[in-house]
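Shown below: run_38.txt, with compact mmCIF, C-alpha atoms.
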```
# COMPACT_ATOMS: atom_id res chain seq x y z
CA MET A 618 129.75 105.69 74.37
CA THR A 619 126.85 103.45 75.38
CA SER A 620 123.46 104.32 73.94
CA TYR A 621 120.12 104.37 75.67
CA GLN A 622 119.08 101.26 73.74
CA GLU A 623 122.14 99.34 74.94
CA LEU A 624 121.21 100.14 78.54
CA ILE A 625 117.71 98.84 77.87
CA LYS A 626 119.19 95.61 76.52
CA LYS A 627 121.28 95.32 79.69
CA ILE A 628 118.15 95.56 81.82
CA ASN A 629 116.25 93.04 79.67
CA THR A 630 119.01 90.45 80.18
CA LEU A 631 118.81 90.66 83.97
CA PRO A 632 117.42 87.58 85.69
CA PRO A 633 114.05 87.81 87.45
CA LEU A 634 113.92 88.56 91.13
CA SER A 635 114.27 85.59 93.45
CA ASN A 636 111.07 83.86 94.54
CA ILE A 637 111.39 85.32 98.02
CA ALA A 638 111.77 88.85 96.65
CA VAL A 639 108.74 88.39 94.38
CA THR A 640 106.67 87.14 97.32
CA ILE A 641 107.72 90.04 99.56
CA ASN A 642 107.05 92.54 96.77
CA GLU A 643 103.55 91.12 96.25
CA ILE A 644 102.83 91.39 99.98
CA TYR A 645 104.04 95.00 100.03
CA GLN A 646 101.97 95.98 96.99
CA GLN A 647 98.80 94.96 98.77
CA GLY A 648 99.12 98.28 100.58
CA ILE A 649 100.28 98.92 104.10
CA GLU A 650 96.73 98.82 105.49
CA GLU A 651 96.10 95.37 103.98
CA MET A 652 99.57 93.96 104.51
CA SER A 653 99.88 90.90 106.68
CA MET A 654 102.85 91.44 108.98
CA ILE A 655 102.90 87.75 109.82
CA LYS A 656 103.14 86.82 106.12
CA LEU A 657 105.87 89.39 105.58
CA ILE A 658 107.92 88.16 108.52
CA LYS A 659 107.51 84.50 107.54
CA ALA A 660 108.43 85.26 103.93
CA ILE A 661 111.67 87.00 104.94
CA GLU A 662 112.56 84.35 107.52
CA SER A 663 112.10 81.60 104.90
CA ASP A 664 115.37 82.78 103.32
CA ALA A 665 118.32 82.57 105.70
CA VAL A 666 120.59 84.75 103.54
CA VAL A 667 118.03 87.56 103.21
CA THR A 668 117.30 87.35 106.93
CA ALA A 669 120.99 87.58 107.82
CA ASN A 670 121.53 90.60 105.57
CA VAL A 671 118.47 92.48 106.85
CA LEU A 672 119.61 91.91 110.44
CA LYS A 673 123.11 93.05 109.47
CA TYR A 674 121.66 96.31 108.15
CA VAL A 675 119.43 97.03 111.16
CA ASN A 676 122.24 96.30 113.61
CA SER A 677 124.63 98.70 111.87
CA PRO A 678 125.43 102.12 113.42
CA LYS A 679 123.11 103.72 110.83
CA TYR A 680 120.08 102.77 112.93
CA GLY A 681 121.62 103.40 116.32
CA PHE A 682 119.87 100.71 118.37
CA SER A 683 121.51 100.21 121.77
CA LYS A 684 120.56 96.52 121.87
CA LYS A 685 121.03 93.93 119.16
CA ILE A 686 118.00 93.21 116.97
CA ALA A 687 117.84 89.43 116.93
CA SER A 688 114.83 88.66 114.72
CA ILE A 689 112.90 89.89 111.69
CA SER A 690 109.80 90.17 113.87
CA GLN A 691 111.66 92.53 116.18
CA ALA A 692 112.99 94.52 113.21
CA VAL A 693 109.50 94.92 111.72
CA THR A 694 108.10 95.97 115.11
CA LEU A 695 110.80 98.59 115.71
CA LEU A 696 111.32 99.89 112.17
CA GLY A 697 108.02 99.21 110.42
CA ALA A 698 107.16 97.03 107.45
CA GLU A 699 108.06 99.64 104.82
CA ILE A 700 111.62 100.06 106.07
CA VAL A 701 112.22 96.32 106.28
CA TYR A 702 110.76 95.95 102.77
CA GLY A 703 113.21 98.58 101.55
CA LEU A 704 116.14 96.75 103.12
CA VAL A 705 115.08 93.47 101.48
CA MET A 706 114.77 95.08 98.04
CA ASN A 707 118.06 96.94 98.45
CA TYR A 708 119.87 93.68 99.20
CA THR A 709 118.07 91.84 96.38
CA ILE A 710 118.85 94.46 93.74
CA GLU A 711 122.52 94.70 94.68
CA SER A 712 122.74 90.90 94.63
CA ASN A 713 121.21 90.74 91.14
CA ILE A 714 123.41 93.48 89.69
CA LYS A 715 127.06 92.97 90.53
CA ALA A 716 128.67 96.27 89.59
CA ASP A 717 131.89 98.13 90.27
CA LEU A 718 130.94 101.74 91.12
CA SER A 719 134.40 103.13 90.34
CA ALA A 720 132.95 104.70 87.15
CA TYR A 721 131.18 107.11 89.50
CA GLY A 722 134.29 107.65 91.57
CA MET A 723 133.00 105.54 94.46
CA THR A 724 133.68 102.28 96.18
CA ASN A 725 130.73 99.92 96.55
CA ILE A 726 130.81 100.50 100.30
CA LEU A 727 130.55 104.25 99.84
CA PHE A 728 127.71 103.79 97.34
CA ASN A 729 125.84 101.66 99.87
CA ASP A 730 126.42 104.32 102.54
CA MET A 731 125.03 106.96 100.19
CA CYS A 732 121.85 104.97 99.53
CA HIS A 733 121.25 104.44 103.23
CA LEU A 734 121.91 108.12 103.97
CA GLN A 735 119.35 109.14 101.36
CA SER A 736 116.73 106.94 102.98
CA GLN A 737 117.68 108.02 106.49
CA LEU A 738 117.44 111.69 105.53
CA MET A 739 114.06 111.16 103.90
CA LEU A 740 112.69 109.27 106.89
CA GLN A 741 113.96 111.67 109.55
CA TRP A 742 113.06 114.82 107.61
CA PHE A 743 109.56 113.67 106.67
CA ALA A 744 108.66 112.00 109.94
CA ARG A 745 107.45 115.34 111.34
CA ILE A 746 105.82 116.43 108.08
CA ASP A 747 103.84 113.27 107.40
CA LEU A 748 104.93 109.90 108.78
CA ARG A 749 102.82 108.00 106.24
CA HIS A 750 104.60 109.71 103.35
CA ALA A 751 107.95 109.22 105.09
CA ASN A 752 107.38 105.48 105.35
CA PHE A 753 106.22 105.29 101.73
CA LEU A 754 109.21 107.20 100.35
CA TYR A 755 111.83 105.46 102.51
CA PRO A 756 112.11 102.29 100.37
CA LEU A 757 112.24 104.35 97.18
CA THR A 758 115.11 106.53 98.38
CA LEU A 759 116.97 103.42 99.47
CA ILE A 760 116.85 101.83 96.01
CA MET A 761 116.39 104.79 93.62
CA GLU A 762 120.10 104.84 92.68
CA SER A 763 119.88 101.30 91.26
CA GLY A 764 120.13 102.66 87.73
CA LYS A 765 123.70 103.68 88.47
CA LEU A 766 124.54 100.01 88.97
CA ILE A 767 123.42 99.37 85.39
CA VAL A 768 125.33 102.38 84.05
CA ALA A 769 128.48 101.60 86.04
CA LYS A 770 128.43 97.97 84.96
CA GLU A 771 128.12 98.97 81.30
CA ALA A 772 130.87 101.58 81.62
CA LYS A 773 133.20 99.14 83.37
CA GLU A 774 132.74 96.51 80.65
CA SER A 775 133.26 98.98 77.82
CA SER A 776 136.34 100.42 76.16
CA TYR A 777 135.57 103.96 77.35
CA SER A 778 135.59 103.40 81.13
CA THR A 779 138.58 105.72 81.61
CA VAL A 780 136.92 108.46 79.55
CA PHE A 781 133.67 108.00 81.47
CA ARG A 782 135.40 108.42 84.83
CA ARG A 783 137.29 111.49 83.66
CA LYS A 784 134.25 113.21 82.17
CA PHE A 785 132.14 112.38 85.22
CA ALA A 786 134.79 113.85 87.52
CA GLU A 787 134.80 117.04 85.42
CA ALA A 788 130.99 117.34 85.24
CA ASP A 789 129.22 119.97 87.34
CA ASN A 790 125.80 118.32 87.12
CA ILE A 791 125.32 114.56 87.36
CA GLU A 792 122.03 114.37 85.47
CA ASP A 793 123.26 116.63 82.63
CA PHE A 794 126.35 114.42 82.29
CA GLU A 795 124.23 111.28 82.10
CA ILE A 796 121.87 112.80 79.52
CA ASP A 797 124.79 113.96 77.38
CA THR A 798 126.36 110.50 77.63
CA PHE A 799 123.35 108.16 77.34
CA GLY A 800 120.37 110.33 76.41
CA THR A 801 118.77 109.65 79.77
CA THR A 802 119.52 109.67 83.51
CA SER A 803 120.27 106.83 85.87
CA TYR A 804 116.99 107.60 87.70
CA TYR A 805 115.02 106.93 84.53
CA ILE A 806 117.04 103.74 84.13
CA SER A 807 115.99 102.86 87.70
CA ALA A 808 112.36 103.33 86.64
CA LEU A 809 112.87 100.92 83.73
CA LEU A 810 114.58 98.47 86.06
CA PHE A 811 111.65 98.64 88.48
CA LYS A 812 109.26 97.99 85.57
CA HIS A 813 111.35 94.97 84.58
CA TRP A 814 110.92 93.58 88.08
CA ASN A 815 107.33 94.75 88.57
CA LEU A 816 108.06 96.91 91.61
CA GLU A 817 105.78 99.58 93.09
CA PRO A 818 104.09 101.50 90.19
CA LEU A 819 104.16 104.81 92.06
CA TYR A 820 107.92 104.50 92.52
CA ILE A 821 108.23 104.01 88.77
CA GLU A 822 106.15 107.10 88.05
CA ILE A 823 108.18 109.23 90.46
CA LEU A 824 111.48 108.22 88.88
CA GLU A 825 110.20 108.56 85.31
CA ASN A 826 109.19 112.16 85.99
CA LEU A 827 112.09 113.15 88.21
CA ASP A 828 114.19 114.46 85.32
CA PHE A 829 111.69 114.32 82.45
CA GLU A 830 108.04 115.31 82.06
CA VAL A 831 106.71 111.89 81.10
CA THR A 832 103.28 112.08 82.73
CA LYS A 833 101.04 114.96 81.68
CA ASP A 834 99.07 116.76 84.39
CA LEU A 835 100.83 115.26 87.38
CA SER A 836 98.69 115.21 90.50
CA PRO A 837 99.74 117.56 93.32
CA GLN A 838 100.57 114.49 95.42
CA MET A 839 102.83 113.02 92.75
CA GLN A 840 104.58 116.37 92.25
CA PHE A 841 105.08 116.59 96.01
CA TYR A 842 106.73 113.16 96.00
CA ILE A 843 108.96 114.10 93.07
CA ASP A 844 110.05 117.36 94.69
CA SER A 845 110.78 115.58 97.97
CA VAL A 846 112.97 112.97 96.27
CA ASP A 847 114.76 115.78 94.42
CA VAL A 848 115.58 117.44 97.74
CA VAL A 849 117.12 114.26 99.11
CA ARG A 850 119.23 113.49 96.03
CA THR A 851 120.47 117.09 96.05
CA ALA A 852 121.68 116.73 99.64
CA VAL A 853 123.11 113.22 99.17
CA ASN A 854 124.53 112.12 95.82
CA VAL A 855 127.57 110.52 94.22
CA LYS A 856 129.43 113.84 94.07
CA ASN A 857 128.34 115.33 97.39
CA ILE A 858 127.44 113.18 100.37
CA LEU A 859 125.85 115.59 102.84
CA THR A 860 128.40 118.35 102.41
CA ASN A 861 127.59 121.79 103.79
CA ARG A 862 127.11 123.04 100.25
CA SER A 863 124.80 120.21 99.17
CA ILE A 864 122.66 120.72 102.27
CA GLU A 865 122.30 124.42 101.43
CA ASP A 866 121.40 123.59 97.82
CA ALA A 867 118.77 121.12 99.05
CA ALA A 868 117.43 123.67 101.54
CA LYS A 869 116.67 126.05 98.67
CA LYS A 870 114.45 123.38 97.14
CA VAL A 871 112.77 122.82 100.50
CA LYS A 872 111.98 126.54 100.55
CA ASP A 873 110.49 126.28 97.04
CA MET A 874 108.20 123.55 98.41
CA ASN A 875 107.03 125.96 101.14
CA LEU A 876 108.26 123.57 103.82
CA ASN A 877 110.19 124.40 106.98
CA VAL A 878 113.79 125.08 105.93
CA ASP A 879 115.15 125.24 109.48
CA HIS A 880 113.70 121.82 110.27
CA PHE A 881 115.27 120.32 107.14
CA LYS A 882 118.68 121.81 107.89
CA LYS A 883 118.54 120.63 111.49
CA VAL A 884 117.77 117.07 110.41
CA ALA A 885 120.34 117.11 107.60
CA LYS A 886 123.07 118.41 109.91
CA ARG A 887 122.21 115.75 112.49
CA VAL A 888 122.44 112.95 109.91
CA GLN A 889 125.62 114.54 108.52
CA LYS A 890 127.26 114.76 111.96
CA LYS A 891 126.47 111.15 112.85
CA TYR A 892 127.71 109.83 109.51
CA TYR A 893 131.01 111.71 109.52
CA GLU A 894 131.66 110.93 113.18
CA ASN A 895 131.15 107.20 112.49
CA LYS A 896 133.61 107.53 109.60
CA GLY A 897 136.08 109.41 111.79
CA ILE A 898 136.48 112.25 109.29
CA ALA A 899 135.78 115.98 109.37
CA VAL A 900 132.77 117.45 107.61
CA GLY A 901 133.78 119.55 104.64
CA ASP A 902 132.50 121.23 101.54
```
Take the structure from the file and write it as structure tokens.
Amino acid sequence: MTSYQELIKKINTLPPLSNIAVTINEIYQQGIEEMSMIKLIKAIESDAVVTANVLKYVNSPKYGFSKKIASISQAVTLLGAEIVYGLVMNYTIESNIKADLSAYGMTNILFNDMCHLQSQLMLQWFARIDLRHANFLYPLTLIMESGKLIVAKEAKESSYSTVFRRKFAEADNIEDFEIDTFGTTSYYISALLFKHWNLEPLYIEILENLDFEVTKDLSPQMQFYIDSVDVVRTAVNVKNILTNRSIEDAAKKVKDMNLNVDHFKKVAKRVQKKYYENKGIAVGD
């Protein structure tokens, strides 16, 4: 099986982000209060491929706009800078890491759906709790599964890909399986990936501490972020995409956070219903 060190080597061989992605990341890291929307829009529009893919995302059924969004300016106005930033980084990361997700029992399309559902659930659930936190966590939940691209790519290129798929299918807990296999989790790998590309430091800290206690004396705010991300990945993950059972499991964690369980369930069921209706399949456990 692949070791932790081999996964690190895989990350270190990845090319740097494109110039446009670096520019957009630098604009975002100035902080939302200081961010120049005009600079952000111009930066995105300077790359026709990035622009086309962002507009493809926002015009998909996931966002439910009745009229076509025709420009990045319109997308930023309607969705907000954080969401558009998340879409840019999601596209950039997937473009830089070409991976076959079959090791995790998924198609790449289903994996992409899962990532968008995680971010949609976070945004819609947190919008009534704290919109500022919702907007901050949205990009993270859209790209936090990036580590699985690294793991899947390594598994696919190895001699044990069949064993990996079989053991993953048999595993009850995703993170325990990853730790047993690699000595770490794909979320920690995501944190290392974000460090490699100099992404948002707070996102890195959240992912580092999601499965391991890396930072001593976490602030209440950081712990709140970590717990919130844990709720979302419990409800939507590579084994359970908004099933009735995964929603109930996530609701228990919402209760532990002393947040409104009924509100969470209502939002989760709404996102679940829309997703499965668009797919034309029945919701199951």
Measure the distance from atom CA of A:Ala769 to atom CA of A:Phe829 in Å and round it to one decimal. 21.4 Å
Restricting the calculation to all atoms listed in the file: of A:Ile746, A:Ile821, A:Val768, A:Leu634, which residue gets closest to A:Asn875? A:Ile746
Under the rule of at most 12 Å, produce a per-residue listing of stretch 643-741 of chain A near stretch 771-776 of chain A: chain, number, name, the closest pair of atoms, and the distance in Å, as CSV, using all atoms listed in the file.
```
residue,atom,partner,partner_atom,distance
A:Ile714,CA,A:Glu771,CA,11.1
A:Lys715,CA,A:Glu771,CA,11.1
A:Ala716,CA,A:Lys773,CA,8.2
A:Asp717,CA,A:Lys773,CA,7.1
A:Leu718,CA,A:Lys773,CA,8.5
A:Ser719,CA,A:Lys773,CA,8.1
A:Ala720,CA,A:Ala772,CA,6.7
A:Tyr721,CA,A:Ala772,CA,9.6
A:Gly722,CA,A:Lys773,CA,11.9
```
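Here the selection is built from all atoms listed in the file, and the residues within 9 Å of (123.0, 99.8, 87.1) turn out to be Leu624, Lys627, Ile628, Ile714, Lys715, Ala716, Glu762, Ser763, Gly764, Lys765, Leu766, Ile767, Val768, Ala769, Lys770, Glu771, Ser803, Ile806, Ser807 and Leu810 of chain A.
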Between atom CA of A:Val855 and atom CA of A:Asp793, what is the spacing in Å?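 Straight-line distance from atom CA of A:Asp793 to atom CA of A:Val855 works out to 13.8 Å.
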Would you please work out which residue, of A:Tyr621, A:Phe682, A:Leu819, A:Glu865, is nearest to A:Asp797 when using all atoms listed in the file? A:Tyr621
Identify which of the residues A:Ile658, A:Ala867, A:Ala638, A:Met706 lies closest to A:Thr694, counting all atoms listed in the file when measuring atom-to-atom distances.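 Looking only at the distances to A:Thr694, the closest residue turns out to be A:Ile658.
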Report the distance between atom CA of A:Leu696 and atom CA of A:Thr709 in Å, rounded to one decimal place. 19.0 Å
Using the file's own x, y and z axes, what box holds all listed atoms of stretch 622-639 of chain A with 5 Å on each side, keeping edges along x, y and z, and what are its centre and edge lengths in Å to one decimal, as lines of an AutoDock Vina configuration file?
```
center_x = 115.4
center_y = 92.6
center_z = 85.9
size_x = 23.4
size_y = 27.4
size_z = 34.3
```
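Ranking A:Glu817, A:Glu662, A:Glu711, A:Asp828 by their shortest atom-to-atom distance to A:Gln647, with all atoms listed in the file included, puts A:Glu817 first.
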Would you mind completing stretch 766-788 of chain A to N, CA and C atoms and writing the output as a PDB file, keeping the file's coordinate frame?
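This went into selection-v7.pdb:
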```pdb
ATOM      1  N   LEU A 766     123.894 101.325  89.034  1.00  0.00           N
ATOM      2  CA  LEU A 766     124.540 100.010  88.970  1.00  0.00           C
ATOM      3  C   LEU A 766     124.584  99.526  87.524  1.00  0.00           C
ATOM      4  N   ILE A 767     123.480  99.749  86.798  1.00  0.00           N
ATOM      5  CA  ILE A 767     123.420  99.370  85.390  1.00  0.00           C
ATOM      6  C   ILE A 767     124.435 100.170  84.572  1.00  0.00           C
ATOM      7  N   VAL A 768     124.428 101.490  84.790  1.00  0.00           N
ATOM      8  CA  VAL A 768     125.330 102.380  84.050  1.00  0.00           C
ATOM      9  C   VAL A 768     126.785 102.046  84.360  1.00  0.00           C
ATOM     10  N   ALA A 769     127.104 101.875  85.638  1.00  0.00           N
ATOM     11  CA  ALA A 769     128.480 101.600  86.040  1.00  0.00           C
ATOM     12  C   ALA A 769     128.964 100.267  85.484  1.00  0.00           C
ATOM     13  N   LYS A 770     128.074  99.293  85.491  1.00  0.00           N
ATOM     14  CA  LYS A 770     128.430  97.970  84.960  1.00  0.00           C
ATOM     15  C   LYS A 770     128.738  98.059  83.471  1.00  0.00           C
ATOM     16  N   GLU A 771     127.905  98.798  82.733  1.00  0.00           N
ATOM     17  CA  GLU A 771     128.120  98.970  81.300  1.00  0.00           C
ATOM     18  C   GLU A 771     129.415  99.722  81.033  1.00  0.00           C
ATOM     19  N   ALA A 772     129.652 100.787  81.808  1.00  0.00           N
ATOM     20  CA  ALA A 772     130.870 101.580  81.620  1.00  0.00           C
ATOM     21  C   ALA A 772     132.119 100.757  81.908  1.00  0.00           C
ATOM     22  N   LYS A 773     132.050  99.962  82.968  1.00  0.00           N
ATOM     23  CA  LYS A 773     133.200  99.140  83.370  1.00  0.00           C
ATOM     24  C   LYS A 773     133.550  98.123  82.297  1.00  0.00           C
ATOM     25  N   GLU A 774     132.517  97.572  81.638  1.00  0.00           N
ATOM     26  CA  GLU A 774     132.740  96.510  80.650  1.00  0.00           C
ATOM     27  C   GLU A 774     133.060  97.054  79.269  1.00  0.00           C
ATOM     28  N   SER A 775     133.052  98.377  79.125  1.00  0.00           N
ATOM     29  CA  SER A 775     133.260  98.980  77.820  1.00  0.00           C
ATOM     30  C   SER A 775     134.716  99.425  77.649  1.00  0.00           C
ATOM     31  N   SER A 776     134.992  99.938  76.461  1.00  0.00           N
ATOM     32  CA  SER A 776     136.340 100.420  76.160  1.00  0.00           C
ATOM     33  C   SER A 776     136.543 101.875  76.568  1.00  0.00           C
ATOM     34  N   TYR A 777     135.470 102.532  77.029  1.00  0.00           N
ATOM     35  CA  TYR A 777     135.570 103.960  77.350  1.00  0.00           C
ATOM     36  C   TYR A 777     135.467 104.243  78.856  1.00  0.00           C
ATOM     37  N   SER A 778     135.739 103.226  79.684  1.00  0.00           N
ATOM     38  CA  SER A 778     135.590 103.400  81.130  1.00  0.00           C
ATOM     39  C   SER A 778     136.459 104.527  81.675  1.00  0.00           C
ATOM     40  N   THR A 779     137.682 104.657  81.152  1.00  0.00           N
ATOM     41  CA  THR A 779     138.580 105.720  81.610  1.00  0.00           C
ATOM     42  C   THR A 779     138.027 107.091  81.232  1.00  0.00           C
ATOM     43  N   VAL A 780     137.517 107.203  80.008  1.00  0.00           N
ATOM     44  CA  VAL A 780     136.920 108.460  79.550  1.00  0.00           C
ATOM     45  C   VAL A 780     135.693 108.801  80.376  1.00  0.00           C
ATOM     46  N   PHE A 781     134.870 107.792  80.650  1.00  0.00           N
ATOM     47  CA  PHE A 781     133.670 108.000  81.470  1.00  0.00           C
ATOM     48  C   PHE A 781     134.037 108.584  82.829  1.00  0.00           C
ATOM     49  N   ARG A 782     135.007 107.958  83.494  1.00  0.00           N
ATOM     50  CA  ARG A 782     135.400 108.420  84.830  1.00  0.00           C
ATOM     51  C   ARG A 782     135.926 109.848  84.780  1.00  0.00           C
ATOM     52  N   ARG A 783     136.724 110.148  83.760  1.00  0.00           N
ATOM     53  CA  ARG A 783     137.290 111.490  83.660  1.00  0.00           C
ATOM     54  C   ARG A 783     136.208 112.535  83.411  1.00  0.00           C
ATOM     55  N   LYS A 784     135.306 112.246  82.488  1.00  0.00           N
ATOM     56  CA  LYS A 784     134.250 113.210  82.170  1.00  0.00           C
ATOM     57  C   LYS A 784     133.271 113.378  83.333  1.00  0.00           C
ATOM     58  N   PHE A 785     133.017 112.276  84.049  1.00  0.00           N
ATOM     59  CA  PHE A 785     132.140 112.380  85.220  1.00  0.00           C
ATOM     60  C   PHE A 785     132.784 113.257  86.288  1.00  0.00           C
ATOM     61  N   ALA A 786     134.081 113.054  86.518  1.00  0.00           N
ATOM     62  CA  ALA A 786     134.790 113.850  87.520  1.00  0.00           C
ATOM     63  C   ALA A 786     134.774 115.337  87.166  1.00  0.00           C
ATOM     64  N   GLU A 787     134.786 115.638  85.867  1.00  0.00           N
ATOM     65  CA  GLU A 787     134.800 117.040  85.420  1.00  0.00           C
ATOM     66  C   GLU A 787     133.406 117.661  85.400  1.00  0.00           C
ATOM     67  N   ALA A 788     132.361 116.848  85.403  1.00  0.00           N
ATOM     68  CA  ALA A 788     130.990 117.340  85.240  1.00  0.00           C
ATOM     69  C   ALA A 788     130.521 118.106  86.473  1.00  0.00           C
TER      70      ALA A 788
END
```
